[in-house]
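Undergrad: TSV, C-alpha atoms and all ligand atoms, saved as final_3.tsv, coming up:
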```
chain	number	residue	atom	x	y	z
A	1	MET	CA	135.19	126.21	126.57
A	2	ARG	CA	134.59	122.47	126.76
A	3	ASN	CA	131.06	121.21	126.50
A	4	LYS	CA	129.71	118.81	129.08
A	5	VAL	CA	126.93	116.28	128.59
A	6	THR	CA	125.48	114.04	131.27
A	7	VAL	CA	123.86	110.77	130.27
A	8	VAL	CA	121.58	109.35	132.96
A	9	GLY	CA	121.32	105.59	132.61
A	10	ALA	CA	124.42	103.69	131.47
A	11	GLY	CA	122.48	100.82	129.92
A	12	ASN	CA	122.15	100.00	126.24
A	13	VAL	CA	120.91	103.38	125.05
A	14	GLY	CA	122.97	105.44	127.53
A	15	ALA	CA	126.30	103.72	126.93
A	16	ASN	CA	125.92	103.85	123.15
A	17	LEU	CA	125.01	107.49	123.39
A	18	ALA	CA	128.10	108.20	125.48
A	19	VAL	CA	130.40	106.39	123.09
A	20	ASN	CA	128.91	108.21	120.09
A	21	LEU	CA	129.28	111.59	121.78
A	22	ALA	CA	132.92	110.81	122.53
A	23	ASN	CA	133.58	109.52	119.03
A	24	LYS	CA	132.25	112.75	117.58
A	25	GLU	CA	134.26	114.71	120.17
A	26	LEU	CA	131.16	116.71	121.02
A	27	ALA	CA	131.61	117.01	124.79
A	28	ASP	CA	133.06	115.61	127.97
A	29	VAL	CA	130.63	112.93	129.09
A	30	VAL	CA	129.50	111.83	132.55
A	31	MET	CA	127.32	108.73	132.84
A	32	VAL	CA	125.16	108.20	135.92
A	33	ASP	CA	123.50	104.93	136.84
A	34	VAL	CA	122.09	103.35	140.00
A	35	VAL	CA	124.06	100.14	139.51
A	36	GLU	CA	127.33	100.43	141.40
A	37	GLY	CA	130.44	100.15	139.26
A	38	VAL	CA	128.74	99.94	135.86
A	39	PRO	CA	128.95	103.62	134.87
A	40	GLN	CA	132.48	103.85	136.29
A	41	GLY	CA	133.63	100.75	134.42
A	42	LYS	CA	132.02	101.72	131.12
A	43	GLY	CA	133.35	105.28	131.49
A	44	LEU	CA	136.91	104.07	132.00
A	45	ASP	CA	136.61	101.73	129.04
A	46	MET	CA	135.44	104.60	126.82
A	47	LEU	CA	138.22	106.88	128.10
A	48	GLN	CA	140.73	104.24	127.07
A	49	MET	CA	139.18	104.10	123.60
A	50	GLY	CA	140.22	107.75	123.12
A	51	PRO	CA	143.83	107.17	122.08
A	52	ILE	CA	142.70	104.60	119.50
A	53	GLU	CA	139.86	106.65	118.03
A	54	GLY	CA	141.71	109.93	118.50
A	55	TYR	CA	139.23	111.77	120.70
A	56	ASP	CA	140.31	114.01	123.55
A	57	VAL	CA	137.13	114.08	125.59
A	58	ARG	CA	136.93	113.03	129.22
A	59	VAL	CA	134.49	110.21	129.86
A	60	SER	CA	133.57	109.12	133.36
A	61	GLY	CA	130.83	107.42	135.33
A	62	ALA	CA	129.25	107.84	138.75
A	63	ASN	CA	126.38	106.74	140.99
A	64	ASP	CA	125.66	110.28	142.18
A	65	TYR	CA	125.07	113.60	140.45
A	66	GLU	CA	127.85	115.72	141.89
A	67	PRO	CA	130.22	114.99	138.99
A	68	THR	CA	127.47	116.07	136.56
A	69	ALA	CA	127.47	119.67	137.84
A	70	ASN	CA	127.11	122.40	135.24
A	71	SER	CA	126.34	120.16	132.30
A	72	ASP	CA	125.18	121.89	129.13
A	73	ILE	CA	122.86	119.02	128.29
A	74	VAL	CA	121.46	116.14	130.34
A	75	VAL	CA	120.07	113.20	128.38
A	76	ILE	CA	117.83	110.93	130.45
A	77	THR	CA	117.80	107.31	129.27
A	78	ALA	CA	117.37	105.73	132.72
A	79	GLY	CA	114.51	103.34	133.19
A	80	PHE	CA	113.14	100.03	132.11
A	81	PRO	CA	112.99	98.95	128.48
A	82	ARG	CA	110.15	96.94	126.94
A	83	LYS	CA	109.95	93.17	126.88
A	84	PRO	CA	108.07	91.25	124.14
A	85	GLY	CA	104.33	91.84	124.30
A	86	MET	CA	104.67	95.10	126.25
A	87	SER	CA	103.69	98.47	124.86
A	88	ARG	CA	105.71	101.58	125.73
A	89	ASP	CA	102.76	102.65	127.88
A	90	ASP	CA	103.17	99.59	130.11
A	91	LEU	CA	106.35	101.20	131.44
A	92	LEU	CA	104.54	104.28	132.71
A	93	MET	CA	104.59	104.14	136.50
A	94	ALA	CA	107.96	102.41	136.91
A	95	ASN	CA	109.69	104.90	134.66
A	96	TYR	CA	107.80	107.85	136.11
A	97	GLU	CA	109.61	107.33	139.43
A	98	VAL	CA	112.98	106.91	137.70
A	99	VAL	CA	112.58	110.02	135.55
A	100	LYS	CA	111.29	112.06	138.49
A	101	THR	CA	114.38	111.29	140.58
A	102	ALA	CA	116.76	111.76	137.66
A	103	THR	CA	115.23	115.11	136.75
A	104	GLU	CA	115.30	116.41	140.34
A	105	GLN	CA	118.97	115.57	140.71
A	106	ALA	CA	120.02	116.68	137.24
A	107	ALA	CA	118.20	120.01	137.57
A	108	ARG	CA	119.71	120.62	141.00
A	109	TYR	CA	123.29	120.21	139.77
A	110	SER	CA	122.83	121.71	136.30
A	111	PRO	CA	120.18	124.43	136.62
A	112	ASN	CA	121.00	125.87	133.20
A	113	ALA	CA	121.04	122.61	131.28
A	114	ILE	CA	118.85	121.47	128.42
A	115	LEU	CA	117.06	118.19	129.21
A	116	ILE	CA	116.54	115.62	126.49
A	117	LEU	CA	114.31	112.68	127.40
A	118	VAL	CA	114.69	109.25	125.85
A	119	THR	CA	112.98	107.06	128.47
A	120	ASN	CA	109.58	105.65	127.47
A	121	PRO	CA	106.70	106.26	127.34
A	122	LEU	CA	108.46	109.25	125.87
A	123	ASP	CA	105.84	111.98	125.67
A	124	ALA	CA	104.64	111.30	129.22
A	125	MET	CA	108.22	111.27	130.53
A	126	CYS	CA	108.86	114.68	128.92
A	127	TRP	CA	105.82	116.01	130.74
A	128	THR	CA	107.17	114.62	134.03
A	129	ALA	CA	110.56	116.24	133.49
A	130	LEU	CA	108.96	119.59	132.67
A	131	GLN	CA	106.84	119.51	135.85
A	132	VAL	CA	109.71	118.40	138.08
A	133	SER	CA	112.47	120.62	136.69
A	134	LYS	CA	110.28	123.71	136.24
A	135	PHE	CA	112.61	124.61	133.38
A	136	ALA	CA	111.33	126.66	130.46
A	137	LYS	CA	109.66	124.50	127.81
A	138	ASN	CA	112.33	125.24	125.19
A	139	ARG	CA	114.83	123.43	127.45
A	140	VAL	CA	112.87	120.21	128.03
A	141	PHE	CA	112.01	117.94	125.12
A	142	GLY	CA	112.24	114.40	123.86
A	143	MET	CA	113.84	112.15	121.27
A	144	ALA	CA	111.32	110.17	119.26
A	145	GLY	CA	110.70	111.74	115.86
A	146	VAL	CA	114.31	111.50	114.69
A	147	LEU	CA	114.12	107.76	115.36
A	148	ASP	CA	110.65	107.26	113.91
A	149	THR	CA	111.51	109.18	110.72
A	150	ALA	CA	114.83	107.28	110.45
A	151	ARG	CA	112.90	104.02	110.54
A	152	PHE	CA	110.47	105.24	107.88
A	153	ARG	CA	113.37	106.55	105.75
A	154	ALA	CA	115.28	103.29	106.06
A	155	PHE	CA	112.24	101.25	104.95
A	156	ILE	CA	111.52	103.60	102.02
A	157	ALA	CA	115.16	103.52	100.88
A	158	GLN	CA	115.24	99.74	101.13
A	159	GLU	CA	112.02	99.39	99.13
A	160	LEU	CA	113.16	101.75	96.36
A	161	GLN	CA	116.82	100.72	96.44
A	162	VAL	CA	117.94	104.35	96.77
A	163	SER	CA	120.26	106.13	99.17
A	164	VAL	CA	118.84	106.83	102.61
A	165	GLU	CA	120.36	110.30	102.25
A	166	ASN	CA	117.81	111.21	99.58
A	167	VAL	CA	114.80	110.15	101.59
A	168	THR	CA	112.95	112.73	103.67
A	169	ALA	CA	110.11	111.59	105.87
A	170	VAL	CA	107.70	113.37	108.16
A	171	VAL	CA	106.29	111.68	111.26
A	172	LEU	CA	104.16	113.56	113.77
A	173	GLY	CA	102.43	112.65	117.02
A	174	GLY	CA	103.20	110.64	120.10
A	175	HIS	CA	105.93	107.99	120.16
A	176	GLY	CA	103.55	105.07	120.18
A	177	ASP	CA	101.16	103.04	118.12
A	178	THR	CA	99.24	106.19	117.20
A	179	MET	CA	102.19	108.03	115.62
A	180	VAL	CA	101.31	109.79	112.37
A	181	PRO	CA	103.63	109.20	109.39
A	182	VAL	CA	102.69	112.01	106.97
A	183	VAL	CA	103.00	110.31	103.59
A	184	ARG	CA	101.95	113.44	101.69
A	185	LEU	CA	105.06	115.31	102.83
A	186	SER	CA	107.53	112.44	102.56
A	187	ASN	CA	109.69	112.39	99.42
A	188	VAL	CA	112.81	111.17	97.66
A	189	SER	CA	114.90	114.15	96.50
A	190	GLY	CA	111.70	116.14	96.15
A	191	ILE	CA	109.78	113.40	94.30
A	192	PRO	CA	106.59	112.72	96.28
A	193	LEU	CA	106.48	109.23	97.77
A	194	THR	CA	103.00	108.79	96.31
A	195	GLU	CA	104.53	108.97	92.79
A	196	LEU	CA	107.10	106.29	93.57
A	197	LEU	CA	105.15	103.64	95.48
A	198	ASP	CA	101.62	102.30	95.27
A	199	GLU	CA	99.15	102.78	98.09
A	200	GLY	CA	99.43	99.23	99.41
A	201	THR	CA	103.22	99.37	99.65
A	202	ILE	CA	103.12	102.74	101.38
A	203	ALA	CA	100.56	101.43	103.87
A	204	ARG	CA	102.82	98.46	104.62
A	205	LEU	CA	105.85	100.71	105.24
A	206	VAL	CA	103.79	103.04	107.42
A	207	GLN	CA	102.65	100.13	109.55
A	208	ARG	CA	106.18	98.76	109.80
A	209	THR	CA	107.33	102.19	110.99
A	210	ARG	CA	104.62	102.29	113.65
A	211	ASP	CA	105.68	98.81	114.78
A	212	GLY	CA	109.40	99.55	114.31
A	213	GLY	CA	110.27	99.36	117.99
A	214	ALA	CA	108.15	96.27	118.65
A	215	GLU	CA	109.74	94.42	115.71
A	216	ILE	CA	113.15	94.80	117.37
A	217	VAL	CA	111.86	93.96	120.88
A	218	LYS	CA	110.50	90.72	119.43
A	219	TYR	CA	113.93	89.76	118.16
A	220	LEU	CA	115.90	90.88	121.21
A	221	LYS	CA	113.44	89.43	123.76
A	222	THR	CA	115.21	90.95	126.77
A	223	GLY	CA	115.16	94.63	125.81
A	224	SER	CA	114.48	97.23	123.14
A	225	ALA	CA	116.37	98.99	120.35
A	226	TYR	CA	119.41	101.08	121.18
A	227	TYR	CA	121.71	101.74	118.23
A	228	ALA	CA	119.33	103.95	116.26
A	229	PRO	CA	117.78	105.54	119.39
A	230	SER	CA	121.18	106.59	120.73
A	231	ALA	CA	122.29	107.90	117.31
A	232	ALA	CA	119.08	109.93	117.13
A	233	ALA	CA	119.77	111.57	120.48
A	234	VAL	CA	123.33	112.35	119.36
A	235	GLU	CA	121.99	114.18	116.29
A	236	MET	CA	119.91	116.37	118.60
A	237	VAL	CA	122.82	117.01	121.00
A	238	GLU	CA	125.07	117.97	118.08
A	239	SER	CA	122.54	120.41	116.65
A	240	ILE	CA	122.31	122.12	120.05
A	241	LEU	CA	126.00	122.21	120.96
A	242	LYS	CA	127.03	123.42	117.50
A	243	ASP	CA	123.98	125.69	117.23
A	244	LYS	CA	123.33	124.10	113.83
A	245	LYS	CA	119.62	124.92	113.98
A	246	LYS	CA	118.62	121.64	112.35
A	247	VAL	CA	114.93	121.17	111.76
A	248	LEU	CA	114.13	117.86	113.41
A	249	PRO	CA	110.99	116.16	114.65
A	250	CYS	CA	111.05	116.19	118.46
A	251	ALA	CA	108.59	115.76	121.31
A	252	ALA	CA	107.81	119.39	122.15
A	253	TYR	CA	105.47	120.97	124.69
A	254	LEU	CA	102.52	122.37	122.78
A	255	GLU	CA	100.44	125.27	124.02
A	256	GLY	CA	97.88	125.71	121.28
A	257	GLU	CA	99.96	124.64	118.27
A	258	TYR	CA	98.05	122.06	116.20
A	259	GLY	CA	95.11	122.68	118.57
A	260	ILE	CA	96.91	120.77	121.35
A	261	HIS	CA	97.27	122.25	124.81
A	262	GLY	CA	99.66	121.32	127.62
A	263	LEU	CA	101.00	118.09	126.15
A	264	TYR	CA	104.19	116.78	124.58
A	265	VAL	CA	103.69	115.61	121.03
A	266	GLY	CA	106.13	115.05	118.16
A	267	VAL	CA	106.36	118.02	115.77
A	268	PRO	CA	109.09	119.60	113.62
A	269	VAL	CA	111.23	122.05	115.58
A	270	LYS	CA	114.39	124.11	115.11
A	271	LEU	CA	117.12	122.90	117.48
A	272	GLY	CA	119.89	125.33	118.41
A	273	SER	CA	121.86	126.50	121.41
A	274	ASN	CA	118.63	127.65	123.09
A	275	GLY	CA	117.05	124.24	122.69
A	276	ILE	CA	113.75	124.42	120.80
A	277	GLU	CA	113.98	127.77	119.03
A	278	LYS	CA	110.88	127.36	116.89
A	279	ILE	CA	107.97	124.99	116.50
A	280	TYR	CA	106.81	124.56	112.91
A	281	GLU	CA	103.08	124.31	112.49
A	282	LEU	CA	102.28	122.43	109.28
A	283	LYS	CA	99.02	122.81	107.43
A	284	LEU	CA	97.47	119.37	107.78
A	285	THR	CA	94.60	117.76	105.93
A	286	ASP	CA	91.49	116.98	107.99
A	287	GLU	CA	92.46	113.31	108.04
A	288	GLU	CA	96.02	114.03	109.25
A	289	GLN	CA	94.71	116.46	111.87
A	290	ALA	CA	92.29	113.82	113.14
A	291	MET	CA	95.09	111.24	113.41
A	292	LEU	CA	97.23	113.74	115.30
A	293	ALA	CA	94.37	114.55	117.68
A	294	LYS	CA	93.94	110.81	118.33
A	295	SER	CA	97.63	110.47	119.04
A	296	ALA	CA	97.55	113.46	121.42
A	297	LYS	CA	94.57	111.88	123.19
A	298	ALA	CA	96.64	108.75	123.85
A	299	VAL	CA	99.39	110.92	125.39
A	300	GLU	CA	96.79	112.79	127.45
A	301	GLU	CA	95.51	109.54	128.94
A	302	LEU	CA	98.98	108.68	130.24
A	303	VAL	CA	99.49	112.17	131.62
A	304	SER	CA	96.18	111.99	133.48
A	305	VAL	CA	97.33	108.77	135.19
A	306	MET	CA	100.46	110.58	136.37
A	307	LYS	CA	98.51	113.64	137.49
A	308	GLN	CA	96.47	111.41	139.81
A	309	LYS	CA	99.65	109.91	141.19
A	310	MET	CA	101.14	113.37	141.80
A	311	ARG	CA	98.16	114.53	143.88
A	401	LIG	N1	118.87	106.38	137.94
A	401	LIG	C1	119.84	106.09	137.06
A	401	LIG	N2	119.83	105.00	136.29
A	401	LIG	C2	118.83	104.14	136.44
A	401	LIG	C3	117.76	104.36	137.35
A	401	LIG	C4	117.82	105.54	138.13
A	401	LIG	N3	116.87	105.84	139.02
A	401	LIG	N4	116.91	103.32	137.26
A	401	LIG	C5	117.39	102.49	136.32
A	401	LIG	N5	118.56	102.97	135.83
A	401	LIG	C6	119.43	102.40	134.81
A	401	LIG	C7	119.56	100.90	134.85
A	401	LIG	O1	120.44	100.49	135.88
A	401	LIG	C8	120.12	100.60	133.47
A	401	LIG	O2	121.53	100.58	133.43
A	401	LIG	O3	118.92	102.67	133.50
A	401	LIG	C9	119.58	101.77	132.61
A	401	LIG	C10	118.64	101.34	131.52
A	401	LIG	O4	119.34	100.56	130.63
A	401	LIG	P1	118.72	99.32	129.85
A	401	LIG	O5	118.00	98.45	130.81
A	401	LIG	O6	119.81	98.74	129.00
A	401	LIG	O7	117.61	99.99	128.94
A	401	LIG	P2	117.82	100.80	127.56
A	401	LIG	O8	117.69	99.86	126.41
A	401	LIG	O9	119.04	101.62	127.67
A	401	LIG	O10	116.51	101.72	127.54
A	401	LIG	C11	116.35	102.77	128.46
A	401	LIG	O11	115.24	104.16	126.85
A	401	LIG	O12	114.50	103.69	124.71
A	401	LIG	C12	114.12	103.82	126.05
A	401	LIG	O13	112.23	102.33	126.30
A	401	LIG	C13	113.59	102.53	126.60
A	401	LIG	O14	112.75	103.43	128.66
A	401	LIG	C14	113.83	102.71	128.08
A	401	LIG	C15	115.10	103.56	128.12
```
Would you mind writing the file's structure down as structure tokens?
TA:
Amino acid sequence: MRNKVTVVGAGNVGANLAVNLANKELADVVMVDVVEGVPQGKGLDMLQMGPIEGYDVRVSGANDYEPTANSDIVVITAGFPRKPGMSRDDLLMANYEVVKTATEQAARYSPNAILILVTNPLDAMCWTALQVSKFAKNRVFGMAGVLDTARFRAFIAQELQVSVENVTAVVLGGHGDTMVPVVRLSNVSGIPLTELLDEGTIARLVQRTRDGGAEIVKYLKTGSAYYAPSAAAVEMVESILKDKKKVLPCAAYLEGEYGIHGLYVGVPVKLGSNGIEKIYELKLTDEEQAMLAKSAKAVEELVSVMKQKMR
């Protein structure tokens, strides 16, 4: 049986995602975009890369959803990226419409698919996709934590001059300025971060992680990060298609976990062929719990704006 993955949005994140999926020979890939010719052209280009890289997957592009039928996974990257000075939240209403349409169409053609959201503001877009698709919550979730922890890990590794492979980091909460890097649980081969770096340095790395996306937007000026975001989504797709059951931080729909109800927030989950197979509830300190509650509140404010719009 061949796996099939649809990538909605053939822009920076979507196209890199497609090429990474092909390179890892994880699935046949269909890209969908509203711009005529772009997904078709990029798809053909990636197909022709196959003989060089040695992958046998079919890659194609379309402006409609018929070719996406019966996908195992649909990754939604369609929408507008940030420009300098914008927060992810500034994208809310424009991307709400994009994600609504994409979800309706994707769910219609692939009723058994797992939906992975990448479009920002991430946690609010996951909520939209859950409402629109009416899929079970284990099949609708978002990519944020893998990226945020990768940023934190990269900064820690750079600071300590150690391999990124040895660095484990925990980041909880919404994918925004209120995200909660949990220093207490972050370590280098089991050695607590707090034993390796002083408080001031840790605080600086935490802040740089929170601002990780904005730092790149400032350099790029016309868009936001895409290499690490697309790689992060690929790690999630791989864990699902291979049923690896990796424990990864993802935006998951919480119904009471961490005292949060009816919202998407980043937490550690087990990702396998059934999507989110388990949500891990960590014991947090009062301070961490308060930061998480603040982060959830920020997500709730965005969701309430969308609820009004949906009325
Ligand atoms: N259906 C399909 N594709 C769409 C739609 C739609 N309704 N609306 C826009 N698109 C496409 C655009 O044509 C474009 O090709 O989505 C693509 C977005 O690509 P980029 O502008 O390059 O943006 P990108 O960097 O890929 O970011 C996409 O991911 O990380 C998030 O914040 C980021 O929300 C943004 C999203």
Undergrad: When the cut-off is 7 Å and you count all atoms listed in the file, which residues lie near ligand LIG 401 (chain A), shown as JSON, numbers by chain?
TA: {"A": [8, 9, 10, 11, 12, 13, 14, 32, 33, 34, 35, 77, 78, 79, 80, 81, 82, 88, 95, 98, 99, 101, 102, 118, 119, 120, 121, 223, 224, 225, 226, 229]}
Undergrad: Given the selection you just returned, output its residues as a file containing C-alpha atoms, formatted as a short mmCIF file (atom, residue, chain, number, x, y, z; two decimals), in the frame of the given file.
TA:
```cif
data_model
loop_
_atom_site.label_atom_id
_atom_site.label_comp_id
_atom_site.auth_asym_id
_atom_site.auth_seq_id
_atom_site.Cartn_x
_atom_site.Cartn_y
_atom_site.Cartn_z
CA VAL A 8 121.58 109.35 132.96
CA GLY A 9 121.32 105.59 132.61
CA ALA A 10 124.42 103.69 131.47
CA GLY A 11 122.48 100.82 129.92
CA ASN A 12 122.15 100.00 126.24
CA VAL A 13 120.91 103.38 125.05
CA GLY A 14 122.97 105.44 127.53
CA VAL A 32 125.16 108.20 135.92
CA ASP A 33 123.50 104.93 136.84
CA VAL A 34 122.09 103.35 140.00
CA VAL A 35 124.06 100.14 139.51
CA THR A 77 117.80 107.31 129.27
CA ALA A 78 117.37 105.73 132.72
CA GLY A 79 114.51 103.34 133.19
CA PHE A 80 113.14 100.03 132.11
CA PRO A 81 112.99 98.95 128.48
CA ARG A 82 110.15 96.94 126.94
CA ARG A 88 105.71 101.58 125.73
CA ASN A 95 109.69 104.90 134.66
CA VAL A 98 112.98 106.91 137.70
CA VAL A 99 112.58 110.02 135.55
CA THR A 101 114.38 111.29 140.58
CA ALA A 102 116.76 111.76 137.66
CA VAL A 118 114.69 109.25 125.85
CA THR A 119 112.98 107.06 128.47
CA ASN A 120 109.58 105.65 127.47
CA PRO A 121 106.70 106.26 127.34
CA GLY A 223 115.16 94.63 125.81
CA SER A 224 114.48 97.23 123.14
CA ALA A 225 116.37 98.99 120.35
CA TYR A 226 119.41 101.08 121.18
CA PRO A 229 117.78 105.54 119.39
#
```
Undergrad: Excluding same-chain residues fewer than 6 positions from range 165-168 of chain A, what lies within 8 Å of it counting all atoms listed in the file, as a list in words?
TA: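 Non-adjacent residues within range: Arg153, Ile156, Ala157, Ser186, Asn187, Val188 and Ser189 of chain A.
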Undergrad: So that I can see what lies close to Leu263 in chain A, please list as a PDB file with C-alpha atoms, in the frame of the given file the residues with an atom at most 7 Å from it, counting all atoms listed in the file and leaving out residues fewer than 4 positions away in the same chain.
TA:
```pdb
ATOM      1  CA  TRP A 127     105.820 116.010 130.740  1.00  0.00           C
ATOM      2  CA  TYR A 253     105.470 120.970 124.690  1.00  0.00           C
ATOM      3  CA  LEU A 254     102.520 122.370 122.780  1.00  0.00           C
ATOM      4  CA  GLU A 300      96.790 112.790 127.450  1.00  0.00           C
TER       5      GLU A 300
END
```
Undergrad: Calculated over all atoms listed in the file, which of the candidates A:Val182, A:Ala228, A:Val234, A:Ile202 has the smallest distance to Val5 in chain A?
TA: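 With all atoms listed in the file as the atom set, the closest residue is A:Val234.
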Undergrad: Any chance you could tabulate, as a tab-separated table, the residues of range 29-136 of chain A at most 10 Å from range 290-298 of chain A with each one's nearest atom pair and distance in Å to one decimal, using all atoms listed in the file, in chain and rising number order?
TA:
```
residue	atom	partner	partner_atom	distance
A:Asp89	CA	A:Ala298	CA	9.5
A:Asp123	CA	A:Ala296	CA	9.4
A:Ala124	CA	A:Ala298	CA	10.0
```
